[in-house]
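Asks: What follows is the file protein.tsv, containing TSV, C-alpha atoms:
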```tsv
chain	number	residue	atom	x	y	z
A	1	MET	CA	62.50	-51.13	112.05
A	2	PRO	CA	60.36	-51.61	108.88
A	3	PRO	CA	57.66	-48.83	108.06
A	4	VAL	CA	54.10	-49.40	109.22
A	5	ARG	CA	51.53	-49.53	106.35
A	6	PRO	CA	47.99	-48.31	106.96
A	7	GLN	CA	45.47	-51.06	107.15
A	8	LYS	CA	42.66	-50.94	104.64
A	9	THR	CA	39.21	-51.17	106.09
A	10	LYS	CA	36.52	-53.35	104.67
A	11	ASN	CA	34.15	-50.38	104.03
A	12	ALA	CA	36.51	-48.09	102.15
A	13	GLY	CA	35.01	-48.98	98.79
A	14	LEU	CA	31.47	-48.23	99.97
A	15	PHE	CA	32.50	-44.82	101.28
A	16	ASN	CA	34.13	-43.96	97.98
A	17	LEU	CA	30.98	-44.93	96.10
A	18	LEU	CA	28.75	-42.73	98.31
A	19	THR	CA	31.16	-39.82	97.92
A	20	ALA	CA	31.10	-40.12	94.14
A	21	LEU	CA	27.28	-40.35	94.18
A	22	THR	CA	26.95	-37.26	96.38
A	23	LEU	CA	29.28	-35.33	94.13
A	24	ALA	CA	27.27	-36.34	91.07
A	25	LEU	CA	23.97	-35.35	92.68
A	26	THR	CA	25.47	-31.99	93.70
A	27	LEU	CA	26.61	-31.31	90.18
A	28	LEU	CA	23.21	-32.36	88.83
A	29	LEU	CA	21.39	-30.06	91.28
A	30	CYS	CA	23.63	-27.14	90.41
A	31	GLY	CA	22.94	-27.75	86.75
A	32	ALA	CA	19.19	-27.78	87.40
A	33	TYR	CA	19.38	-24.44	89.30
A	34	ALA	CA	21.41	-22.98	86.47
A	35	ALA	CA	18.86	-24.16	83.89
A	36	VAL	CA	15.95	-22.68	85.89
A	37	PHE	CA	17.85	-19.42	86.34
A	38	ILE	CA	18.55	-19.14	82.63
A	39	ASN	CA	15.03	-20.21	81.54
A	40	PRO	CA	12.37	-20.01	84.28
A	41	ARG	CA	9.87	-21.77	82.01
A	42	VAL	CA	12.05	-24.93	81.75
A	43	ALA	CA	10.09	-28.13	82.38
A	44	ILE	CA	12.03	-29.02	85.56
A	45	ASN	CA	10.95	-25.72	87.30
A	46	PRO	CA	8.15	-26.67	89.75
A	47	PHE	CA	7.06	-23.00	90.03
A	48	PRO	CA	7.12	-21.51	86.53
A	49	PRO	CA	6.09	-17.78	86.17
A	50	ALA	CA	2.56	-16.92	84.98
A	51	THR	CA	2.08	-16.86	81.26
A	52	GLU	CA	1.76	-13.28	79.96
A	53	THR	CA	-1.24	-12.48	77.78
A	54	PHE	CA	-0.51	-10.22	74.89
A	55	THR	CA	-3.24	-7.72	74.01
A	56	PRO	CA	-2.80	-6.25	70.57
A	57	SER	CA	-3.00	-2.44	70.37
A	58	PRO	CA	-5.98	-1.05	68.47
A	59	ALA	CA	-5.32	-0.18	64.92
A	60	PRO	CA	-4.84	3.53	64.29
A	61	PRO	CA	-8.01	5.28	63.06
A	62	THR	CA	-8.41	5.81	59.40
A	63	PHE	CA	-9.95	8.96	57.96
A	64	GLU	CA	-12.13	9.31	54.95
A	65	PRO	CA	-11.02	11.53	52.15
A	66	THR	CA	-11.58	15.26	52.69
A	67	TRP	CA	-15.29	16.13	52.27
A	68	THR	CA	-16.15	19.09	50.12
A	69	ALA	CA	-19.44	20.84	50.79
A	70	LYS	CA	-21.73	21.17	47.83
A	71	PRO	CA	-24.11	24.14	47.61
A	72	VAL	CA	-27.73	23.27	48.23
A	73	THR	CA	-30.41	25.13	46.40
A	74	ALA	CA	-33.52	25.65	48.53
A	75	THR	CA	-36.90	26.23	47.00
A	76	VAL	CA	-39.05	28.67	48.97
A	77	THR	CA	-42.79	28.56	48.53
A	78	ALA	CA	-44.48	31.82	49.42
A	79	SER	CA	-47.25	31.46	52.01
A	80	PRO	CA	-50.48	33.31	51.46
A	81	LEU	CA	-50.82	36.46	53.56
A	82	PRO	CA	-53.28	36.24	56.47
A	83	PRO	CA	-56.61	37.95	55.91
A	84	THR	CA	-56.87	41.53	57.11
A	85	PHE	CA	-59.65	42.45	59.51
A	86	THR	CA	-60.99	45.92	60.07
A	87	PRO	CA	-61.92	46.51	63.74
A	88	LEU	CA	-65.48	47.53	64.37
A	89	PRO	CA	-66.05	50.95	65.92
A	90	THR	CA	-66.18	50.91	69.72
A	91	GLY	CA	-69.24	52.33	71.39
A	92	THR	CA	-68.95	55.08	73.99
A	93	LEU	CA	-70.17	54.22	77.47
A	94	PHE	CA	-72.78	56.48	78.96
A	95	VAL	CA	-71.81	57.94	82.32
A	96	LEU	CA	-74.76	58.53	84.62
A	97	GLY	CA	-73.33	61.49	86.46
A	98	THR	CA	-70.16	63.42	87.22
A	99	PRO	CA	-69.55	65.20	90.53
A	100	LEU	CA	-68.92	68.90	90.23
A	101	THR	CA	-65.74	70.25	91.77
A	102	PRO	CA	-66.13	73.75	93.16
A	103	ASN	CA	-63.57	76.30	92.09
A	104	LEU	CA	-63.62	78.04	95.48
A	105	PRO	CA	-61.46	76.77	98.35
A	106	PRO	CA	-63.34	74.53	100.83
A	107	THR	CA	-65.26	76.38	103.53
A	108	ALA	CA	-67.13	75.25	106.60
A	109	THR	CA	-70.20	74.47	104.46
A	110	GLN	CA	-70.14	73.06	100.90
A	111	THR	CA	-72.99	72.14	98.59
A	112	LEU	CA	-72.08	69.63	95.86
A	113	ARG	CA	-74.75	68.94	93.24
A	114	PRO	CA	-74.35	65.76	91.19
A	115	VAL	CA	-75.88	65.66	87.73
A	116	ASN	CA	-78.85	63.52	86.60
A	117	LEU	CA	-79.22	61.62	89.88
A	118	ALA	CA	-82.01	61.67	92.41
A	119	TYR	CA	-80.07	63.02	95.40
A	120	ASN	CA	-77.83	66.00	95.96
A	121	ALA	CA	-75.66	66.43	99.03
A	122	ASN	CA	-74.92	69.20	101.49
A	123	VAL	CA	-71.67	68.94	103.50
A	124	GLU	CA	-71.29	70.63	106.91
A	125	TYR	CA	-68.65	70.51	109.65
A	126	PHE	CA	-69.31	70.28	113.42
A	127	ASP	CA	-67.67	69.54	116.71
A	128	SER	CA	-68.53	65.86	117.27
A	129	VAL	CA	-69.90	66.56	120.78
A	130	THR	CA	-72.78	68.43	119.11
A	131	PHE	CA	-74.36	65.09	118.17
A	132	LYS	CA	-72.32	62.65	120.31
A	133	PRO	CA	-71.61	64.13	123.75
A	134	ALA	CA	-69.42	61.17	124.72
A	135	SER	CA	-67.00	61.76	121.81
A	136	SER	CA	-63.73	63.67	122.03
A	137	CYS	CA	-61.40	65.80	119.95
A	138	GLY	CA	-59.51	62.68	118.86
A	139	ASP	CA	-62.57	61.23	117.08
A	140	PHE	CA	-62.89	61.62	113.31
A	141	ILE	CA	-66.41	60.91	112.03
A	142	VAL	CA	-68.25	61.11	108.72
A	143	ALA	CA	-72.02	60.94	109.25
A	144	GLY	CA	-75.26	62.15	107.71
A	145	ARG	CA	-78.92	61.58	106.92
A	146	VAL	CA	-81.15	61.07	103.84
A	147	LEU	CA	-84.38	63.06	103.16
A	148	ASP	CA	-86.72	62.74	100.19
A	149	ALA	CA	-88.55	65.58	98.44
A	150	GLN	CA	-91.21	65.65	101.21
A	151	ASN	CA	-88.49	65.85	103.94
A	152	GLN	CA	-89.21	62.26	104.95
A	153	HIS	CA	-86.28	60.23	106.28
A	154	LYS	CA	-85.33	57.32	104.01
A	155	GLN	CA	-84.10	54.23	105.84
A	156	GLY	CA	-82.43	51.10	104.50
A	157	TYR	CA	-80.45	52.86	101.77
A	158	ILE	CA	-76.76	51.95	101.31
A	159	VAL	CA	-74.03	54.53	101.91
A	160	GLN	CA	-70.45	53.86	100.87
A	161	LEU	CA	-67.31	55.69	101.99
A	162	GLY	CA	-64.06	55.40	100.02
A	163	GLY	CA	-60.84	57.20	99.20
A	164	ARG	CA	-58.15	58.05	101.75
A	165	VAL	CA	-56.83	60.56	104.27
A	166	PRO	CA	-53.24	60.81	105.53
A	167	GLY	CA	-52.61	57.65	107.52
A	168	LYS	CA	-55.75	55.77	106.45
A	169	SER	CA	-57.05	54.24	103.21
A	170	PHE	CA	-60.59	53.06	102.46
A	171	ASN	CA	-59.95	50.89	99.43
A	172	PRO	CA	-62.09	48.87	99.01
A	173	PRO	CA	-64.85	51.19	100.26
A	174	ILE	CA	-66.77	50.49	103.47
A	175	SER	CA	-70.57	50.51	103.66
A	176	THR	CA	-73.38	51.17	106.13
A	177	LEU	CA	-77.18	51.61	106.03
A	178	THR	CA	-79.27	54.70	106.58
A	179	GLY	CA	-81.16	54.43	109.86
A	180	SER	CA	-78.28	52.66	111.62
A	181	ALA	CA	-77.09	55.79	113.52
A	182	THR	CA	-80.12	57.59	114.95
A	183	ASP	CA	-77.95	60.24	116.68
A	184	PHE	CA	-78.22	62.02	113.31
A	185	GLY	CA	-81.94	61.41	112.77
A	186	PRO	CA	-84.18	58.46	111.82
A	187	SER	CA	-82.24	58.02	108.56
A	188	GLY	CA	-78.86	58.69	110.16
A	189	PHE	CA	-75.65	56.88	109.19
A	190	GLU	CA	-72.11	57.07	110.58
A	191	PHE	CA	-68.52	56.13	109.72
A	192	VAL	CA	-65.91	56.30	112.51
A	193	LEU	CA	-62.65	56.61	110.57
A	194	GLY	CA	-60.36	55.28	113.33
A	195	VAL	CA	-57.74	58.06	113.10
A	196	ALA	CA	-57.42	61.51	114.61
A	197	PRO	CA	-58.79	64.41	112.54
A	198	VAL	CA	-56.41	65.25	109.69
A	199	ALA	CA	-56.43	67.77	106.90
A	200	SER	CA	-57.19	66.50	103.40
A	201	SER	CA	-58.48	68.05	100.19
A	202	GLN	CA	-61.34	66.07	98.61
A	203	THR	CA	-59.62	62.70	98.88
A	204	LEU	CA	-62.58	61.15	100.77
A	205	TRP	CA	-65.91	60.43	99.11
A	206	VAL	CA	-69.38	59.14	100.03
A	207	GLN	CA	-72.10	57.84	97.70
A	208	LEU	CA	-75.74	56.83	98.16
A	209	PHE	CA	-77.29	53.64	96.66
A	210	ASP	CA	-80.75	52.12	96.81
A	211	GLN	CA	-81.43	48.67	98.23
A	212	GLN	CA	-80.68	47.04	94.85
A	213	GLY	CA	-77.28	48.75	94.63
A	214	ALA	CA	-78.24	51.32	91.98
A	215	PRO	CA	-76.60	54.74	92.59
A	216	LEU	CA	-78.87	57.49	93.86
A	217	SER	CA	-76.08	60.09	93.96
A	218	ALA	CA	-72.68	60.69	92.47
A	219	GLN	CA	-69.53	60.29	94.54
A	220	ILE	CA	-69.49	63.28	96.88
A	221	PHE	CA	-65.87	64.28	97.45
A	222	ILE	CA	-65.25	65.94	100.81
A	223	SER	CA	-62.36	67.73	102.52
A	224	SER	CA	-61.35	67.40	106.17
A	225	TYR	CA	-59.58	69.55	108.76
A	226	ASN	CA	-57.14	69.05	111.62
A	227	ASP	CA	-59.53	70.91	113.90
A	228	CYS	CA	-61.50	69.67	116.91
A	229	LYS	CA	-64.32	72.00	115.94
A	230	LYS	CA	-64.65	70.26	112.56
A	231	ASN	CA	-63.96	66.64	113.46
A	232	LEU	CA	-67.50	65.57	112.45
A	233	ILE	CA	-68.35	65.85	108.74
A	234	LEU	CA	-72.14	65.80	108.24
A	235	VAL	CA	-73.36	64.86	104.74
A	236	GLY	CA	-77.05	65.57	104.17
A	237	PHE	CA	-78.52	63.79	101.13
A	238	ARG	CA	-81.70	65.43	99.84
A	239	GLN	CA	-83.90	64.46	96.91
```
Go ahead and render the structure in this file as structure tokens.

Replies:
Amino acid sequence: MPPVRPQKTKNAGLFNLLTALTLALTLLLCGAYAAVFINPRVAINPFPPATETFTPSPAPPTFEPTWTAKPVTATVTASPLPPTFTPLPTGTLFVLGTPLTPNLPPTATQTLRPVNLAYNANVEYFDSVTFKPASSCGDFIVAGRVLDAQNQHKQGYIVQLGGRVPGKSFNPPISTLTGSATDFGPSGFEFVLGVAPVASSQTLWVQLFDQQGAPLSAQIFISSYNDCKKNLILVGFRQ
């Protein structure tokens, strides 16, 4: 039997043409990928990389030639000396009076005599109930009266008390008027110190002034005792 030959179809030529065209396009596409891979900035690359901007580095600093200090000659102009002043002599203040301090230790009765002032003072010590029956041993009182040369009581004068005792200070001084405490006479005055009687050695003082504030006596320094029988200090001013 004779061999059977394959029958050629009518479309065989068309299929061969499409195959050749596909092969050519494949080769062309591979070549394009290779070109983009080698040079990403090739014109056929639809997504080229961003263009880098080159920033030049600053030039290195330059230095001036080494500077050599030159000596500077200063001209000093002498200033005139300030004038010299001679201080004027200072005057000496005149002190009206100075309280006398007795040399003997304090006793129950003291008489202190200021100098060049109208009134002297006599200091005595009592149990406060002698003049104020309602008082007690815990009261500590400085009181007194003022008499002129005719033994007349002087009212309206100013009496100040200052200084200190243990536990109490009277700085600034406190003031009262003669005639304000009649338990001690028509010209009587009184200071209730607000502490229990304590011992002190001439750290308290009283002083008499007229209605204009001029001193009528020196500061009369007085002592005190931790004794119920001496808890009232009576200061008698006498012209």

Asks: Can you write out as JSON lines which residues of segment 161-205 of chain A fall within 7 Å of segment 222-239 of chain A, alongside each residue's closest atom pair and its distance in Å to one decimal, counting only C-alpha atoms and ordering rows by chain and ascending residue number?

Replies:
```
{"residue": "A:Pro197", "atom": "CA", "partner": "A:Asn226", "partner_atom": "CA", "distance": 5.0}
{"residue": "A:Val198", "atom": "CA", "partner": "A:Asn226", "partner_atom": "CA", "distance": 4.3}
{"residue": "A:Ala199", "atom": "CA", "partner": "A:Tyr225", "partner_atom": "CA", "distance": 4.1}
{"residue": "A:Ser200", "atom": "CA", "partner": "A:Ser224", "partner_atom": "CA", "distance": 5.1}
{"residue": "A:Ser201", "atom": "CA", "partner": "A:Ser223", "partner_atom": "CA", "distance": 4.5}
{"residue": "A:Gln202", "atom": "CA", "partner": "A:Ser223", "partner_atom": "CA", "distance": 4.4}
{"residue": "A:Thr203", "atom": "CA", "partner": "A:Ile222", "partner_atom": "CA", "distance": 6.8}
{"residue": "A:Leu204", "atom": "CA", "partner": "A:Ile222", "partner_atom": "CA", "distance": 5.5}
{"residue": "A:Trp205", "atom": "CA", "partner": "A:Ile222", "partner_atom": "CA", "distance": 5.8}
```

Asks: If I take atom CA of Asn171 of chain A and atom CA of Gln155 of chain A, how far is one from the other in Å, to one decimal?

Replies: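 One can read the atom CA of Asn171 of chain A to atom CA of Gln155 of chain A distance as 25.2 Å.
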
Asks: Between A:Gly156, A:Gly194, A:Gly163, A:Gly185, which is the closest to Asp139 of chain A once you count only C-alpha atoms?

Replies: A:Gly194

Asks: Record the distance separating atom CA of Leu216 of chain A and atom CA of Thr178 of chain A, expressed in Å with one decimal.

Replies: 13.0 Å

Asks: Rank A:Val146, A:Ala181, A:Ile38, A:Leu161 by their smallest atom-to-atom distance to Lys132 of chain A, using all atoms listed in the file, and report the top residue only.

Replies: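 So, comparing all the options, the nearest one is A:Ala181.
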
Asks: Dig up all the protein and nucleic acid residues within 6 Å of (-85.2, 63.1, 109.2) in the file frame, using all atoms listed in the file, and format them as a PyMOL selection string.

Replies: chain A and resi 152-153+185-187

Asks: Given the choices A:Ala214, A:Cys30, A:Val142, A:Val206, which gets closest to Phe184 of chain A if the distance is worked out from all atoms listed in the file?

Replies: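 Nearest candidate to Phe184 of chain A out of A:Ala214, A:Cys30, A:Val142, A:Val206: A:Val142.
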
Asks: Which value, in Å to one decimal, gives the distance between atom CA of Phe140 of chain A and atom CA of Ala196 of chain A?

Replies: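 Result for atom CA of Phe140 of chain A versus atom CA of Ala196 of chain A: 5.6 Å, one decimal.
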
Asks: Using only C-alpha atoms, pick whichever of A:Ala20, A:Ile174, A:Ala121, A:Val36 has the shortest atom-to-atom distance to Ser217 of chain A.

Replies: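 Looking at the shortest contact to Ser217 of chain A, the residue is A:Ala121.
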
Asks: With distances taken over only C-alpha atoms, which of A:Gln219, A:Asp148, A:Ala43, A:Ser136 is nearest to Pro173 of chain A?

Replies: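 Nearest to Pro173 of chain A: A:Gln219.
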
Asks: Of the candidates A:Phe209, A:Phe170, A:Tyr33, A:Phe131, which one gets nearest to Gly188 of chain A if we count all atoms listed in the file?

Replies: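 For Gly188 of chain A, the nearest of the candidates is A:Phe131.
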